[in-house]
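Enquirer: I'd like to ask some things about the structure below.
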Amino acid sequence: MPRSSKPIRIAPSILAADFARLGEEVRSAEESGADWIHVDVMDGRFVPNITVGTPIVAALRKVTQSVLDVHLMIVEPERYVEGFAAAGADVITVHAEATTHLHRTLTQVRDLGARAGVSLNPHTPEEAIRYVLDETDLVLVMSVNPGFGGQTFIDATTRKVERIREWIDASGRDIDLEVDGGIKTGTAKRMVQAGADVLVAGSAIFGQTDYRQAIQALREDVT
Ligand code: DX5
Ligand code: ZN
């Protein structure tokens with residue numbers, strides 16, 4: 001089984017956090033061992049839910065030095081990436097399904113000084129990113145249909161992670177392979193064995209009472 005040679009990074013998704021105490025929640029996740037902070041931006045069009053925008057990213061930038069991993073589930077993300085880069089996002093991930101000129105959008109993100117991520121819905125074949133790997137710093141494979149936390153992991157996406165791991169290794173490029181949706185002990189292990197090296201988890205971390213224990217459980221699962 002192909003495994004990433006990089007350390008596994010754990011990225012709690014703030015979607016499952018208490019928004020009334022967001023700064024505190026993020027600090028507490030960091031103190032509990034989180035590596036990145038995952039911010040889910042939804043527009044009510046690409047996905048049937050609305051969450052947060054640039055002001056929240058800018059506010060979080062003031063309270064954390066951790067990588068702010070911004071997942072844009074919005075149509076025409078090219079219209080907004082400049083704003084998210086200015087707000088302090090480190091990684092800006094757009095959906096391949098949401099932008100007509102994916103190559104141009106990824107280049108735009110890099111030109112803004114952020115790391116360019118591309119995400120695929122569960123049904124989207126990995127071929128959608130085959131010709132943009134040179135412009136990509138991170139691939140995010142959705143293992144649920146984006147829009148909500150707490151959904152059930154879709155196992156068919158494991159094979160997609162394996163295929164993309166092969167491509168990344170063959171490319172010799174430094175590209176992170178992130179998975180998002182239904183990640184908890186068991187599915188985390190499966191995805192890391194398939195080649196993932198960044199694990200997003202919402203309910204499995206912020207949905208628990210003890211964040212340290214929750215993060216530790218994920219780490220033990222994938223070791
Ligand atoms: C879903 C979001 C996820 C979500 C994951 O559209 O992209 O980041 O927060 O939540 P869990 O880990 O609960 O499936
Ligand atoms: Zn996400």
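So you can find residues: chains in the structure tokens are A, B, ... in the order shown, residues in each start at 1, and ligands are numbered from 1 in order.
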Taking the DSSP assignment computed from this structure's backbone, write out as a ChimeraX atom specification all residues of segment 179-214 of chain A that belong to alpha helix (DSSP H).
Expert: /A:187-194,211-214
Enquirer: Kindly export the residues of the current selection with C-alpha atoms, as an mmCIF file, in the first residue's frame.
Expert:
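Listing of part.cif after writing:
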data_model
loop_
_atom_site.group_PDB
_atom_site.id
_atom_site.type_symbol
_atom_site.label_atom_id
_atom_site.label_comp_id
_atom_site.auth_asym_id
_atom_site.auth_seq_id
_atom_site.Cartn_x
_atom_site.Cartn_y
_atom_site.Cartn_z
ATOM 1 C CA THR A 187 -11.654 5.764 8.119
ATOM 2 C CA ALA A 188 -8.560 7.816 9.023
ATOM 3 C CA LYS A 189 -6.467 4.659 8.966
ATOM 4 C CA ARG A 190 -7.969 3.537 5.665
ATOM 5 C CA MET A 191 -7.237 6.890 4.030
ATOM 6 C CA VAL A 192 -3.676 7.103 5.328
ATOM 7 C CA GLN A 193 -3.033 3.569 4.089
ATOM 8 C CA ALA A 194 -4.348 4.718 0.710
ATOM 9 C CA TYR A 211 -10.010 17.563 21.916
ATOM 10 C CA ARG A 212 -6.616 16.248 23.011
ATOM 11 C CA GLN A 213 -7.932 12.739 23.370
ATOM 12 C CA ALA A 214 -9.773 13.008 20.051
#
Enquirer: Output as a Markdown table one row per residue of segment 97-149 of chain A within 10 Å of segment 24-41 of chain A: the closest atom pair and its distance in Å to one decimal place, counting only C-alpha atoms, sorted by chain and residue number ascending.
Expert:
| residue | atom | partner | partner_atom | distance |
| --- | --- | --- | --- | --- |
| A:Pro146 | CA | A:Asp40 | CA | 9.5 |
| A:Gly147 | CA | A:Asp40 | CA | 8.8 |
| A:Phe148 | CA | A:Asp40 | CA | 9.5 |
| A:Gly149 | CA | A:Asp40 | CA | 9.9 |
Enquirer: Let me see the file: selected residues, all heavy atoms, as a CSV table (one decimal), in the first residue's frame.
Expert:
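Dumped everything to again_32.csv:
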chain,number,residue,atom,x,y,z
A,146,PRO,N,-19.9,17.5,-0.2
A,146,PRO,CA,-19.7,18.7,0.6
A,146,PRO,C,-21.0,19.4,1.0
A,146,PRO,O,-22.0,19.3,0.2
A,146,PRO,CB,-18.8,19.5,-0.3
A,146,PRO,CG,-19.0,19.0,-1.7
A,146,PRO,CD,-19.3,17.6,-1.5
A,147,GLY,N,-21.0,20.1,2.1
A,147,GLY,CA,-22.1,20.9,2.5
A,147,GLY,C,-22.4,20.8,4.0
A,147,GLY,O,-22.9,21.7,4.6
A,148,PHE,N,-22.1,19.6,4.6
A,148,PHE,CA,-22.5,19.4,6.0
A,148,PHE,C,-21.4,18.6,6.7
A,148,PHE,O,-20.8,17.8,6.1
A,148,PHE,CB,-23.8,18.7,6.1
A,148,PHE,CG,-24.9,19.5,5.4
A,148,PHE,CD1,-25.2,19.1,4.1
A,148,PHE,CD2,-25.6,20.6,6.0
A,148,PHE,CE1,-26.2,19.8,3.4
A,148,PHE,CE2,-26.6,21.3,5.3
A,148,PHE,CZ,-26.9,20.9,4.0
A,149,GLY,N,-21.3,18.8,8.0
A,149,GLY,CA,-20.5,18.0,8.8
A,149,GLY,C,-21.3,16.7,9.2
A,149,GLY,O,-22.5,16.7,9.1
Enquirer: May I ask you to write as a PyMOL selection string all residues lying at most 12 Å from ligand 2, with only C-alpha atoms and all ligand atoms counted?
Expert: chain A and resi 11-16+37-42+47+51+68-74+92-95+117-121+140-150+178-183+198-203
Enquirer: Taking only C-alpha atoms into account, name the residue in A:Ile50, A:Pro55, A:Gln108, A:Phe19 that is nearest to Pro77 of chain A.
Expert: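 Smallest separation from Pro77 of chain A among the options: A:Gln108.
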Enquirer: If I take atom CA of Arg3 of chain A and atom CA of Leu218 of chain A, how far is one from the other in Å, to one decimal?
Expert: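 We find that atom CA of Arg3 of chain A and atom CA of Leu218 of chain A lie 16.2 Å from each other.
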Enquirer: Gly172 of chain A: which residues within 12 Å, counting only C-alpha atoms, same-chain residues fewer than 5 positions away excluded, as a list in words?
Expert: Ser4, Ser5, Leu133, Asp134, Arg165, Glu166 and Trp167 of chain A
Enquirer: Excluding same-chain residues fewer than 5 positions from Thr107 of chain A, what lies within 9 Å of it counting only C-alpha atoms, as a ChimeraX atom specification?
Expert: /A:102,112,116,135-136
Enquirer: With distances taken over only C-alpha atoms and all ligand atoms, which of A:Gln208, A:Arg79, A:Ala58, A:His103 is nearest to ligand 1?
Expert: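 For ligand 1, the nearest of the candidates is A:Gln208.
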Enquirer: Just list the residues in chain A DSSP gives strand (DSSP E) on the backbone, as a ChimeraX atom specification.
Expert: /A:9-12,36-42,67-73,91-95,115-120,138-142,176-180,198-201
